[in-house]
Amino acid sequence: MERLEKRMEVKDLTKTFFNKKGYFTAIEDVSLDVYDGEFLVILGPGRCGKTVLLNILSGLDEQTGGTVIYNGKEWKGINPEIGMVFQKLALMPFKTVIENVELALKFRSMEKQKRREISRYYIDLVGLKGFEDYYPKQLSGGMQQRVGIARAYAADPKLLIMDEPFGKLDAQTRYQMQEDLLKIWEKEKRTIIFVTNNIEEACYLGDRIILLSDCPAKVKAVYPIEMPRPRDMVSKEFLDLRTVISDNTDLSI
C-alpha cells in the first residue's frame, strides 16, 4: 500500500503489573507504526497481552515504559480521536439501536436532529436500516456487533481500534462481518487497528499484519500484504502467506 503519514508511533512499549505473586510483564518493548487510512491487523495468541496493548493505545491504561506518539506528539490518556469496538459489546439494553448509536453525540450536546441524521447514516451503512427502534435483545449477535461498529463510527474517530470484534460469532456470520467491515472501511477510509487470534481473518483483512509472541507480547514479525481485495482464501498466494505466518506463530493451530 502507499505509505501515508504516520497516525501513531509506538516505541518500546512495556506494561508490568504487580500483584501478590510479584511482578508480571504483559507486553515488553513493543514498537510499531500505524499509517493514515491503513487497515492494520495485530495478530497474537489468546492472553498474550493484546488487550493490554490496546488499552494503552486507546488511553484506558498507562504504560510502564515506552511512548505513544499520536500525530507527531507524545500522548497519554483518553484521545477523543480514537474510538473502540470491543469483543464484548457494552450496548445499553434499555436503549434502542438509534439511541445506542447516538450516545457519544448526545454526550457532546449535539442537537437532536443532527445527531439522529448522523446515526441513521451509520445505521444504514452497517446494514441495519429498519432496525432503528429495536432493542439489543431483539437482535442477533452479528447485528449487535453492527450496532457497536455504527456507534464507534458515529463518534467520528480518526483511528478505530477493534478488539477481536468477531471472535464470538459463528463462522458464517463472522465471514459476512469481515466482508461488510471492509466495505465500510473502503468507503470511510478511517485508520483501523484490528486485533485477532485468527490467521485467516488477519490475512483476509489486513494491509499489514503485526505478529505478536506469547506473553509477554513482543513483536515477532511484520508482514506487508500486497494481495488485492477481495481476497481468495483458497488461492495459492493466500495459503502461502498463511503457512509462513503459521510457521512463525505461537498460536495453537
# chains A, B, ... in the order shown; residues from 1 in each chain; ligands from 1
>>> residues_around(residues="range 5-19 of chain A", least_positions_apart="4", cutoff="12 Å", atoms="only C-alpha atoms", output="PyMOL selection string")
chain A and resi 23-40+49-58+61-76+79+81-82+158-160+190-193+215-219
>>> residues_around(residues="Val97 in chain A", least_positions_apart="3", cutoff="10 Å", atoms="only C-alpha atoms", output="mmCIF file with N, CA, C and O atoms, in the first residue's frame")
data_model
loop_
_atom_site.group_PDB
_atom_site.id
_atom_site.type_symbol
_atom_site.label_atom_id
_atom_site.label_comp_id
_atom_site.auth_asym_id
_atom_site.auth_seq_id
_atom_site.Cartn_x
_atom_site.Cartn_y
_atom_site.Cartn_z
ATOM 1 N N LEU A 91 -23.553 -2.417 24.869
ATOM 2 C CA LEU A 91 -24.773 -1.748 24.430
ATOM 3 C C LEU A 91 -25.707 -1.561 25.619
ATOM 4 O O LEU A 91 -25.798 -2.419 26.493
ATOM 5 N N MET A 92 -26.390 -0.440 25.626
ATOM 6 C CA MET A 92 -27.373 -0.173 26.673
ATOM 7 C C MET A 92 -28.639 -0.972 26.368
ATOM 8 O O MET A 92 -29.307 -0.708 25.366
ATOM 9 N N PRO A 93 -28.987 -1.967 27.201
ATOM 10 C CA PRO A 93 -30.120 -2.838 26.873
ATOM 11 C C PRO A 93 -31.464 -2.127 26.867
ATOM 12 O O PRO A 93 -32.403 -2.577 26.207
ATOM 13 N N PHE A 94 -31.554 -1.018 27.583
ATOM 14 C CA PHE A 94 -32.828 -0.289 27.683
ATOM 15 C C PHE A 94 -32.932 0.822 26.645
ATOM 16 O O PHE A 94 -33.882 1.590 26.650
ATOM 17 N N ASN A 100 -28.531 3.929 21.088
ATOM 18 C CA ASN A 100 -27.179 3.452 21.380
ATOM 19 C C ASN A 100 -26.153 4.106 20.458
ATOM 20 O O ASN A 100 -25.082 4.511 20.903
ATOM 21 N N VAL A 101 -26.483 4.197 19.187
ATOM 22 C CA VAL A 101 -25.537 4.746 18.208
ATOM 23 C C VAL A 101 -25.248 6.220 18.469
ATOM 24 O O VAL A 101 -24.120 6.687 18.289
ATOM 25 N N GLU A 102 -26.239 6.961 18.934
ATOM 26 C CA GLU A 102 -26.067 8.401 19.100
ATOM 27 C C GLU A 102 -25.513 8.805 20.467
ATOM 28 O O GLU A 102 -25.377 9.998 20.753
ATOM 29 N N SER A 119 -26.589 9.363 13.032
ATOM 30 C CA SER A 119 -26.803 7.991 13.484
ATOM 31 C C SER A 119 -27.502 7.153 12.420
ATOM 32 O O SER A 119 -27.132 5.996 12.185
ATOM 33 N N ARG A 120 -28.491 7.723 11.772
ATOM 34 C CA ARG A 120 -29.197 6.991 10.720
ATOM 35 C C ARG A 120 -28.274 6.660 9.551
ATOM 36 O O ARG A 120 -28.387 5.592 8.940
ATOM 37 N N ILE A 123 -26.175 3.689 10.755
ATOM 38 C CA ILE A 123 -27.032 2.513 10.878
ATOM 39 C C ILE A 123 -27.295 1.920 9.494
ATOM 40 O O ILE A 123 -27.237 0.696 9.302
ATOM 41 N N LEU A 128 -28.303 -1.941 8.913
ATOM 42 C CA LEU A 128 -29.375 -2.099 9.905
ATOM 43 C C LEU A 128 -30.536 -1.133 9.687
ATOM 44 O O LEU A 128 -31.313 -0.897 10.613
ATOM 45 N N PHE A 131 -34.073 -1.147 11.560
ATOM 46 C CA PHE A 131 -33.956 -1.687 12.918
ATOM 47 C C PHE A 131 -33.672 -0.591 13.946
ATOM 48 O O PHE A 131 -33.294 -0.892 15.075
ATOM 49 N N GLU A 132 -33.876 0.652 13.565
ATOM 50 C CA GLU A 132 -33.537 1.777 14.440
ATOM 51 C C GLU A 132 -34.213 1.706 15.795
ATOM 52 O O GLU A 132 -33.626 2.099 16.817
ATOM 53 N N ASP A 133 -35.430 1.209 15.838
ATOM 54 C CA ASP A 133 -36.210 1.220 17.079
ATOM 55 C C ASP A 133 -36.217 -0.129 17.804
ATOM 56 O O ASP A 133 -36.977 -0.322 18.755
ATOM 57 N N TYR A 134 -35.356 -1.041 17.367
ATOM 58 C CA TYR A 134 -35.231 -2.329 18.045
ATOM 59 C C TYR A 134 -34.315 -2.184 19.259
ATOM 60 O O TYR A 134 -33.450 -1.304 19.310
ATOM 61 N N TYR A 135 -34.500 -3.094 20.222
ATOM 62 C CA TYR A 135 -33.626 -3.132 21.392
ATOM 63 C C TYR A 135 -32.585 -4.243 21.198
ATOM 64 O O TYR A 135 -32.831 -5.194 20.434
ATOM 65 N N PRO A 136 -31.429 -4.157 21.867
ATOM 66 C CA PRO A 136 -30.368 -5.143 21.671
ATOM 67 C C PRO A 136 -30.827 -6.588 21.821
ATOM 68 O O PRO A 136 -30.386 -7.463 21.070
ATOM 69 N N LEU A 139 -31.956 -8.435 18.741
ATOM 70 C CA LEU A 139 -31.010 -8.564 17.643
ATOM 71 C C LEU A 139 -30.116 -9.786 17.826
ATOM 72 O O LEU A 139 -29.840 -10.208 18.940
ATOM 73 N N MET A 143 -25.809 -8.679 14.495
ATOM 74 C CA MET A 143 -26.489 -7.387 14.402
ATOM 75 C C MET A 143 -26.074 -6.472 15.551
ATOM 76 O O MET A 143 -25.882 -5.263 15.369
ATOM 77 N N GLN A 144 -25.909 -7.039 16.735
ATOM 78 C CA GLN A 144 -25.441 -6.236 17.868
ATOM 79 C C GLN A 144 -24.041 -5.691 17.603
ATOM 80 O O GLN A 144 -23.729 -4.547 17.941
ATOM 81 N N ARG A 146 -22.845 -4.993 14.721
ATOM 82 C CA ARG A 146 -23.018 -3.902 13.758
ATOM 83 C C ARG A 146 -23.403 -2.604 14.461
ATOM 84 O O ARG A 146 -22.958 -1.521 14.077
ATOM 85 N N VAL A 147 -24.233 -2.718 15.485
ATOM 86 C CA VAL A 147 -24.603 -1.530 16.264
ATOM 87 C C VAL A 147 -23.350 -0.930 16.905
ATOM 88 O O VAL A 147 -23.152 0.292 16.888
ATOM 89 N N GLY A 148 -22.489 -1.794 17.453
ATOM 90 C CA GLY A 148 -21.257 -1.310 18.067
ATOM 91 C C GLY A 148 -20.357 -0.601 17.071
ATOM 92 O O GLY A 148 -19.746 0.431 17.386
ATOM 93 N N ALA A 150 -21.381 0.858 14.230
ATOM 94 C CA ALA A 150 -22.049 2.111 13.869
ATOM 95 C C ALA A 150 -21.850 3.171 14.943
ATOM 96 O O ALA A 150 -21.606 4.349 14.649
ATOM 97 N N ARG A 151 -21.937 2.762 16.207
ATOM 98 C CA ARG A 151 -21.749 3.694 17.316
ATOM 99 C C ARG A 151 -20.333 4.270 17.307
ATOM 100 O O ARG A 151 -20.135 5.471 17.523
#
>>> select_by_dssp(residues="range 15-141 of chain A", states="helix (DSSP H, G or I)", output="VMD selection string")
chain A and resid 50 to 58 97 to 101 103 to 107 112 to 125 136 to 138 141
>>> closest_residue(among="A:Leu105, A:Leu181, A:Ile118, A:Ala152", to="Tyr204 in chain A", atoms="only C-alpha atoms")
A:Leu181
>>> select_by_dssp(residues="range 127-222 of chain A", states="strand (DSSP E)", output="MDAnalysis selection string")
chainID A and resid 159:163 191:196 208:212 219:222
>>> write_last_selection(atoms="all heavy atoms", output="short mmCIF file (atom, residue, chain, number, x, y, z; two decimals), in the first residue's frame")
data_model
loop_
_atom_site.label_atom_id
_atom_site.label_comp_id
_atom_site.auth_asym_id
_atom_site.auth_seq_id
_atom_site.Cartn_x
_atom_site.Cartn_y
_atom_site.Cartn_z
N LEU A 159 -9.03 7.27 14.27
CA LEU A 159 -8.42 5.95 14.43
C LEU A 159 -9.39 5.07 15.19
O LEU A 159 -9.85 5.44 16.27
CB LEU A 159 -7.09 6.05 15.18
CG LEU A 159 -6.41 4.75 15.63
CD1 LEU A 159 -6.05 3.89 14.42
CD2 LEU A 159 -5.18 5.04 16.45
N LEU A 160 -9.71 3.91 14.62
CA LEU A 160 -10.66 2.99 15.24
C LEU A 160 -9.94 1.71 15.63
O LEU A 160 -9.32 1.04 14.80
CB LEU A 160 -11.79 2.68 14.27
CG LEU A 160 -12.95 1.82 14.79
CD1 LEU A 160 -13.60 2.47 16.00
CD2 LEU A 160 -13.98 1.60 13.69
N ILE A 161 -9.98 1.37 16.93
CA ILE A 161 -9.36 0.17 17.45
C ILE A 161 -10.45 -0.88 17.68
O ILE A 161 -11.45 -0.61 18.35
CB ILE A 161 -8.62 0.46 18.77
CG1 ILE A 161 -7.47 1.46 18.51
CG2 ILE A 161 -8.08 -0.82 19.37
CD1 ILE A 161 -6.77 1.91 19.78
N MET A 162 -10.24 -2.08 17.15
CA MET A 162 -11.23 -3.15 17.24
C MET A 162 -10.59 -4.36 17.90
O MET A 162 -9.66 -4.96 17.36
CB MET A 162 -11.77 -3.49 15.85
CG MET A 162 -12.25 -2.26 15.07
SD MET A 162 -13.02 -2.66 13.49
CE MET A 162 -14.64 -3.17 14.05
N ASP A 163 -11.09 -4.73 19.08
CA ASP A 163 -10.50 -5.80 19.88
C ASP A 163 -11.27 -7.10 19.68
O ASP A 163 -12.27 -7.37 20.34
CB ASP A 163 -10.51 -5.39 21.36
CG ASP A 163 -9.76 -6.38 22.24
OD1 ASP A 163 -9.15 -7.32 21.69
OD2 ASP A 163 -9.78 -6.21 23.48
N THR A 191 -8.57 5.02 9.71
CA THR A 191 -7.48 4.15 10.11
C THR A 191 -8.00 3.13 11.11
O THR A 191 -8.69 3.48 12.07
CB THR A 191 -6.35 4.97 10.75
OG1 THR A 191 -5.98 6.03 9.86
CG2 THR A 191 -5.14 4.10 11.05
N ILE A 192 -7.68 1.86 10.89
CA ILE A 192 -8.17 0.79 11.75
C ILE A 192 -7.00 -0.03 12.30
O ILE A 192 -6.10 -0.41 11.56
CB ILE A 192 -9.16 -0.14 11.02
CG1 ILE A 192 -10.48 0.60 10.73
CG2 ILE A 192 -9.43 -1.41 11.81
CD1 ILE A 192 -11.52 -0.25 10.02
N ILE A 193 -7.04 -0.28 13.60
CA ILE A 193 -6.19 -1.31 14.22
C ILE A 193 -7.13 -2.43 14.64
O ILE A 193 -7.99 -2.25 15.50
CB ILE A 193 -5.44 -0.78 15.45
CG1 ILE A 193 -4.51 0.39 15.06
CG2 ILE A 193 -4.62 -1.90 16.10
CD1 ILE A 193 -3.82 1.02 16.25
N PHE A 194 -6.97 -3.58 14.03
CA PHE A 194 -7.87 -4.72 14.24
C PHE A 194 -7.09 -5.84 14.89
O PHE A 194 -6.07 -6.29 14.35
CB PHE A 194 -8.45 -5.16 12.89
CG PHE A 194 -9.50 -6.23 12.97
CD1 PHE A 194 -10.84 -5.88 12.88
CD2 PHE A 194 -9.16 -7.57 13.11
CE1 PHE A 194 -11.83 -6.87 12.93
CE2 PHE A 194 -10.14 -8.55 13.17
CZ PHE A 194 -11.48 -8.19 13.08
N VAL A 195 -7.55 -6.31 16.03
CA VAL A 195 -6.85 -7.36 16.77
C VAL A 195 -7.59 -8.68 16.64
O VAL A 195 -8.82 -8.74 16.74
CB VAL A 195 -6.71 -6.97 18.26
CG1 VAL A 195 -6.18 -8.15 19.07
CG2 VAL A 195 -5.76 -5.79 18.40
N THR A 196 -6.83 -9.75 16.39
CA THR A 196 -7.44 -11.06 16.25
C THR A 196 -6.42 -12.13 16.63
O THR A 196 -5.22 -11.89 16.68
CB THR A 196 -7.92 -11.29 14.79
OG1 THR A 196 -8.58 -12.55 14.69
CG2 THR A 196 -6.76 -11.26 13.81
N ARG A 208 -1.34 -4.74 6.58
CA ARG A 208 -0.15 -5.30 7.22
C ARG A 208 -0.60 -6.13 8.41
O ARG A 208 -1.64 -5.84 9.01
CB ARG A 208 0.79 -4.20 7.73
CG ARG A 208 1.63 -3.51 6.68
CD ARG A 208 2.67 -2.61 7.33
NE ARG A 208 2.06 -1.62 8.21
CZ ARG A 208 2.56 -1.22 9.38
NH1 ARG A 208 3.68 -1.77 9.84
NH2 ARG A 208 1.94 -0.31 10.11
N ILE A 209 0.21 -7.12 8.75
CA ILE A 209 -0.02 -7.91 9.96
C ILE A 209 1.19 -7.76 10.86
O ILE A 209 2.33 -7.96 10.42
CB ILE A 209 -0.23 -9.40 9.63
CG1 ILE A 209 -1.48 -9.61 8.77
CG2 ILE A 209 -0.34 -10.22 10.92
CD1 ILE A 209 -1.65 -11.03 8.26
N ILE A 210 0.94 -7.39 12.11
CA ILE A 210 1.99 -7.38 13.12
C ILE A 210 1.77 -8.60 14.00
O ILE A 210 0.73 -8.72 14.66
CB ILE A 210 1.97 -6.09 13.94
CG1 ILE A 210 2.35 -4.91 13.03
CG2 ILE A 210 2.92 -6.18 15.13
CD1 ILE A 210 2.36 -3.57 13.71
N LEU A 211 2.72 -9.52 13.97
CA LEU A 211 2.60 -10.77 14.71
C LEU A 211 3.26 -10.62 16.08
O LEU A 211 4.43 -10.26 16.18
CB LEU A 211 3.27 -11.91 13.94
CG LEU A 211 3.28 -13.28 14.60
CD1 LEU A 211 1.85 -13.81 14.77
CD2 LEU A 211 4.12 -14.26 13.79
N LEU A 212 2.48 -10.89 17.13
CA LEU A 212 2.99 -10.83 18.50
C LEU A 212 3.32 -12.22 19.01
O LEU A 212 2.70 -13.22 18.61
CB LEU A 212 1.95 -10.19 19.42
CG LEU A 212 1.53 -8.74 19.12
CD1 LEU A 212 0.52 -8.27 20.16
CD2 LEU A 212 2.73 -7.80 19.08
N VAL A 219 6.94 -7.99 19.44
CA VAL A 219 6.72 -8.06 18.00
C VAL A 219 7.67 -9.12 17.43
O VAL A 219 8.88 -8.98 17.49
CB VAL A 219 6.96 -6.71 17.32
CG1 VAL A 219 6.84 -6.85 15.79
CG2 VAL A 219 5.96 -5.67 17.82
N LYS A 220 7.08 -10.21 16.88
CA LYS A 220 7.88 -11.27 16.28
C LYS A 220 8.21 -10.97 14.82
O LYS A 220 9.30 -11.28 14.33
CB LYS A 220 7.14 -12.61 16.35
CG LYS A 220 6.97 -13.18 17.73
CD LYS A 220 6.56 -14.64 17.68
CE LYS A 220 7.71 -15.54 17.25
NZ LYS A 220 7.36 -16.98 17.32
N ALA A 221 7.22 -10.41 14.10
CA ALA A 221 7.42 -10.16 12.67
C ALA A 221 6.35 -9.19 12.18
O ALA A 221 5.29 -9.02 12.81
CB ALA A 221 7.33 -11.46 11.88
N VAL A 222 6.64 -8.55 11.04
CA VAL A 222 5.69 -7.67 10.38
C VAL A 222 5.54 -8.16 8.94
O VAL A 222 6.54 -8.35 8.24
CB VAL A 222 6.15 -6.20 10.39
CG1 VAL A 222 5.13 -5.32 9.67
CG2 VAL A 222 6.37 -5.71 11.82
#
>>> residues_around(residues="range 167-170 of chain A", least_positions_apart="2", cutoff="10 Å", atoms="only C-alpha atoms", output="PyMOL selection string")
chain A and resi 87-88+140-142+145+163-165+172-175+177+195-198
>>> write_last_selection(atoms="all heavy atoms", output="short mmCIF file (atom, residue, chain, number, x, y, z; two decimals), in the first residue's frame")
data_model
loop_
_atom_site.label_atom_id
_atom_site.label_comp_id
_atom_site.auth_asym_id
_atom_site.auth_seq_id
_atom_site.Cartn_x
_atom_site.Cartn_y
_atom_site.Cartn_z
N GLN A 87 -14.88 -6.79 21.91
CA GLN A 87 -15.50 -8.09 21.65
C GLN A 87 -16.81 -8.21 22.42
O GLN A 87 -17.82 -8.66 21.89
CB GLN A 87 -14.55 -9.21 22.05
CG GLN A 87 -15.08 -10.59 21.72
CD GLN A 87 -14.14 -11.70 22.16
OE1 GLN A 87 -13.96 -11.93 23.35
NE2 GLN A 87 -13.52 -12.36 21.21
N LYS A 88 -16.78 -7.79 23.68
CA LYS A 88 -17.98 -7.80 24.50
C LYS A 88 -18.60 -6.41 24.43
O LYS A 88 -18.11 -5.46 25.02
CB LYS A 88 -17.66 -8.16 25.95
CG LYS A 88 -18.88 -8.31 26.82
CD LYS A 88 -18.51 -8.76 28.23
CE LYS A 88 -19.76 -8.92 29.09
NZ LYS A 88 -19.43 -9.36 30.46
N SER A 140 -29.64 -10.32 16.72
CA SER A 140 -28.66 -11.41 16.77
C SER A 140 -27.30 -10.85 17.19
O SER A 140 -27.08 -9.63 17.24
CB SER A 140 -28.53 -12.06 15.39
OG SER A 140 -27.95 -11.14 14.48
N GLY A 141 -26.35 -11.78 17.47
CA GLY A 141 -25.02 -11.34 17.87
C GLY A 141 -24.34 -10.49 16.80
O GLY A 141 -23.70 -9.48 17.10
N GLY A 142 -24.47 -10.92 15.54
CA GLY A 142 -23.89 -10.15 14.46
C GLY A 142 -24.50 -8.77 14.32
O GLY A 142 -23.80 -7.78 14.06
N GLN A 145 -23.20 -6.52 16.98
CA GLN A 145 -21.85 -6.06 16.67
C GLN A 145 -21.89 -4.93 15.64
O GLN A 145 -21.09 -3.99 15.70
CB GLN A 145 -21.03 -7.23 16.13
CG GLN A 145 -19.53 -7.01 16.13
CD GLN A 145 -18.97 -6.70 17.50
OE1 GLN A 145 -18.81 -5.54 17.85
NE2 GLN A 145 -18.67 -7.73 18.28
N ASP A 163 -11.09 -4.73 19.08
CA ASP A 163 -10.50 -5.80 19.88
C ASP A 163 -11.27 -7.10 19.68
O ASP A 163 -12.27 -7.37 20.34
CB ASP A 163 -10.51 -5.39 21.36
CG ASP A 163 -9.76 -6.38 22.24
OD1 ASP A 163 -9.15 -7.32 21.69
OD2 ASP A 163 -9.78 -6.21 23.48
N GLU A 164 -10.80 -7.92 18.74
CA GLU A 164 -11.43 -9.21 18.42
C GLU A 164 -12.95 -9.09 18.33
O GLU A 164 -13.68 -9.85 18.99
CB GLU A 164 -11.03 -10.27 19.45
CG GLU A 164 -9.53 -10.52 19.50
CD GLU A 164 -9.15 -11.73 20.34
OE1 GLU A 164 -9.65 -12.83 20.03
OE2 GLU A 164 -8.38 -11.57 21.29
N PRO A 165 -13.45 -8.19 17.50
CA PRO A 165 -14.90 -7.92 17.50
C PRO A 165 -15.74 -9.07 16.99
O PRO A 165 -16.93 -9.14 17.30
CB PRO A 165 -15.02 -6.70 16.58
CG PRO A 165 -13.83 -6.81 15.66
CD PRO A 165 -12.74 -7.35 16.53
N GLN A 172 -20.12 -18.41 9.66
CA GLN A 172 -20.78 -17.75 8.54
C GLN A 172 -21.00 -16.27 8.82
O GLN A 172 -20.74 -15.42 7.96
CB GLN A 172 -22.12 -18.43 8.24
CG GLN A 172 -22.83 -17.84 7.02
CD GLN A 172 -24.11 -18.60 6.67
OE1 GLN A 172 -24.40 -19.65 7.24
NE2 GLN A 172 -24.86 -18.08 5.73
N THR A 173 -21.46 -15.95 10.03
CA THR A 173 -21.68 -14.55 10.39
C THR A 173 -20.36 -13.80 10.44
O THR A 173 -20.27 -12.63 10.02
CB THR A 173 -22.39 -14.45 11.76
OG1 THR A 173 -23.61 -15.19 11.70
CG2 THR A 173 -22.69 -13.00 12.11
N ARG A 174 -19.33 -14.47 10.94
CA ARG A 174 -18.01 -13.84 11.03
C ARG A 174 -17.50 -13.45 9.64
O ARG A 174 -16.99 -12.35 9.43
CB ARG A 174 -17.03 -14.80 11.70
CG ARG A 174 -15.65 -14.23 11.96
CD ARG A 174 -14.83 -15.17 12.82
NE ARG A 174 -13.59 -14.57 13.26
CZ ARG A 174 -12.89 -14.96 14.32
NH1 ARG A 174 -13.34 -15.95 15.06
NH2 ARG A 174 -11.76 -14.36 14.64
N TYR A 175 -17.64 -14.37 8.68
CA TYR A 175 -17.19 -14.07 7.32
C TYR A 175 -17.97 -12.90 6.73
O TYR A 175 -17.38 -12.01 6.10
CB TYR A 175 -17.35 -15.31 6.43
CG TYR A 175 -16.96 -15.06 5.00
CD1 TYR A 175 -15.62 -14.93 4.63
CD2 TYR A 175 -17.93 -14.93 4.01
CE1 TYR A 175 -15.26 -14.69 3.32
CE2 TYR A 175 -17.58 -14.69 2.69
CZ TYR A 175 -16.24 -14.57 2.35
OH TYR A 175 -15.90 -14.31 1.05
N MET A 177 -19.41 -10.46 8.37
CA MET A 177 -19.00 -9.24 9.05
C MET A 177 -17.64 -8.76 8.53
O MET A 177 -17.42 -7.55 8.41
CB MET A 177 -18.92 -9.49 10.55
CG MET A 177 -20.27 -9.69 11.23
SD MET A 177 -21.35 -8.23 11.11
CE MET A 177 -20.39 -7.02 12.02
N VAL A 195 -7.55 -6.31 16.03
CA VAL A 195 -6.85 -7.36 16.77
C VAL A 195 -7.59 -8.68 16.64
O VAL A 195 -8.82 -8.74 16.74
CB VAL A 195 -6.71 -6.97 18.26
CG1 VAL A 195 -6.18 -8.15 19.07
CG2 VAL A 195 -5.76 -5.79 18.40
N THR A 196 -6.83 -9.75 16.39
CA THR A 196 -7.44 -11.06 16.25
C THR A 196 -6.42 -12.13 16.63
O THR A 196 -5.22 -11.89 16.68
CB THR A 196 -7.92 -11.29 14.79
OG1 THR A 196 -8.58 -12.55 14.69
CG2 THR A 196 -6.76 -11.26 13.81
N ASN A 197 -6.94 -13.35 16.90
CA ASN A 197 -6.05 -14.50 17.06
C ASN A 197 -6.30 -15.51 15.94
O ASN A 197 -5.87 -16.66 16.04
CB ASN A 197 -6.25 -15.16 18.43
CG ASN A 197 -7.68 -15.64 18.65
OD1 ASN A 197 -8.48 -15.72 17.72
ND2 ASN A 197 -8.01 -15.96 19.89
N ASN A 198 -6.97 -15.05 14.88
CA ASN A 198 -7.33 -15.91 13.75
C ASN A 198 -6.47 -15.54 12.54
O ASN A 198 -6.56 -14.42 12.03
CB ASN A 198 -8.82 -15.74 13.45
CG ASN A 198 -9.30 -16.66 12.35
OD1 ASN A 198 -9.02 -16.44 11.18
ND2 ASN A 198 -10.04 -17.70 12.72
#
>>> atom_distance(atom1="CA of Gln178 in chain A", atom2="CA of Phe238 in chain A")
16.0 Å
>>> atom_distance(atom1="CA of Leu60 in chain A", atom2="CA of Gly77 in chain A")
6.7 Å
>>> closest_residue(among="A:Ser213, A:Leu182, A:Gly59, A:Ile199", to="Pro230 in chain A", atoms="only C-alpha atoms")
A:Leu182
>>> residues_around(residues="Arg229 in chain A", least_positions_apart="2", cutoff="12 Å", atoms="only C-alpha atoms", output="short mmCIF file (atom, residue, chain, number, x, y, z; two decimals) with N, CA and C atoms, in the first residue's frame")
data_model
loop_
_atom_site.label_atom_id
_atom_site.label_comp_id
_atom_site.auth_asym_id
_atom_site.auth_seq_id
_atom_site.Cartn_x
_atom_site.Cartn_y
_atom_site.Cartn_z
N MET A 1 0.84 -1.19 0.00
CA MET A 1 0.00 0.00 0.00
C MET A 1 0.87 1.24 0.00
N GLU A 179 -16.56 -9.14 5.45
CA GLU A 179 -16.89 -8.53 4.16
C GLU A 179 -17.46 -7.14 4.34
N LEU A 182 -14.93 -4.46 5.60
CA LEU A 182 -14.05 -3.97 4.53
C LEU A 182 -14.77 -2.96 3.64
N LYS A 183 -16.04 -3.21 3.35
CA LYS A 183 -16.81 -2.27 2.54
C LYS A 183 -16.93 -0.92 3.24
N GLU A 186 -13.46 0.79 3.22
CA GLU A 186 -13.12 1.32 1.91
C GLU A 186 -13.91 2.59 1.60
N CYS A 203 -5.11 -12.41 7.49
CA CYS A 203 -4.67 -12.38 6.09
C CYS A 203 -5.74 -11.80 5.17
N TYR A 204 -6.99 -12.02 5.51
CA TYR A 204 -8.09 -11.55 4.67
C TYR A 204 -8.30 -10.04 4.79
N LEU A 205 -8.10 -9.50 6.00
CA LEU A 205 -8.45 -8.10 6.25
C LEU A 205 -7.29 -7.13 6.09
N GLY A 206 -6.10 -7.51 6.47
CA GLY A 206 -5.06 -6.54 6.73
C GLY A 206 -4.31 -6.00 5.53
N ASP A 207 -3.87 -4.74 5.63
CA ASP A 207 -2.83 -4.19 4.76
C ASP A 207 -1.46 -4.67 5.25
N ILE A 225 1.07 -6.96 3.18
CA ILE A 225 0.25 -7.81 2.31
C ILE A 225 -0.06 -7.04 1.03
N GLU A 226 0.38 -7.58 -0.10
CA GLU A 226 0.19 -6.92 -1.38
C GLU A 226 -0.97 -7.50 -2.18
N MET A 227 -1.61 -8.53 -1.66
CA MET A 227 -2.73 -9.14 -2.39
C MET A 227 -3.87 -8.15 -2.57
N ARG A 231 -10.01 -10.89 -1.46
CA ARG A 231 -9.01 -11.94 -1.42
C ARG A 231 -9.67 -13.32 -1.42
N ASP A 232 -9.02 -14.22 -2.11
CA ASP A 232 -9.50 -15.59 -2.21
C ASP A 232 -8.75 -16.44 -1.18
N MET A 233 -9.48 -16.96 -0.18
CA MET A 233 -8.86 -17.70 0.91
C MET A 233 -8.27 -19.05 0.50
N PHE A 238 -2.66 -16.70 -0.95
CA PHE A 238 -3.24 -16.60 0.38
C PHE A 238 -2.76 -17.74 1.27
#
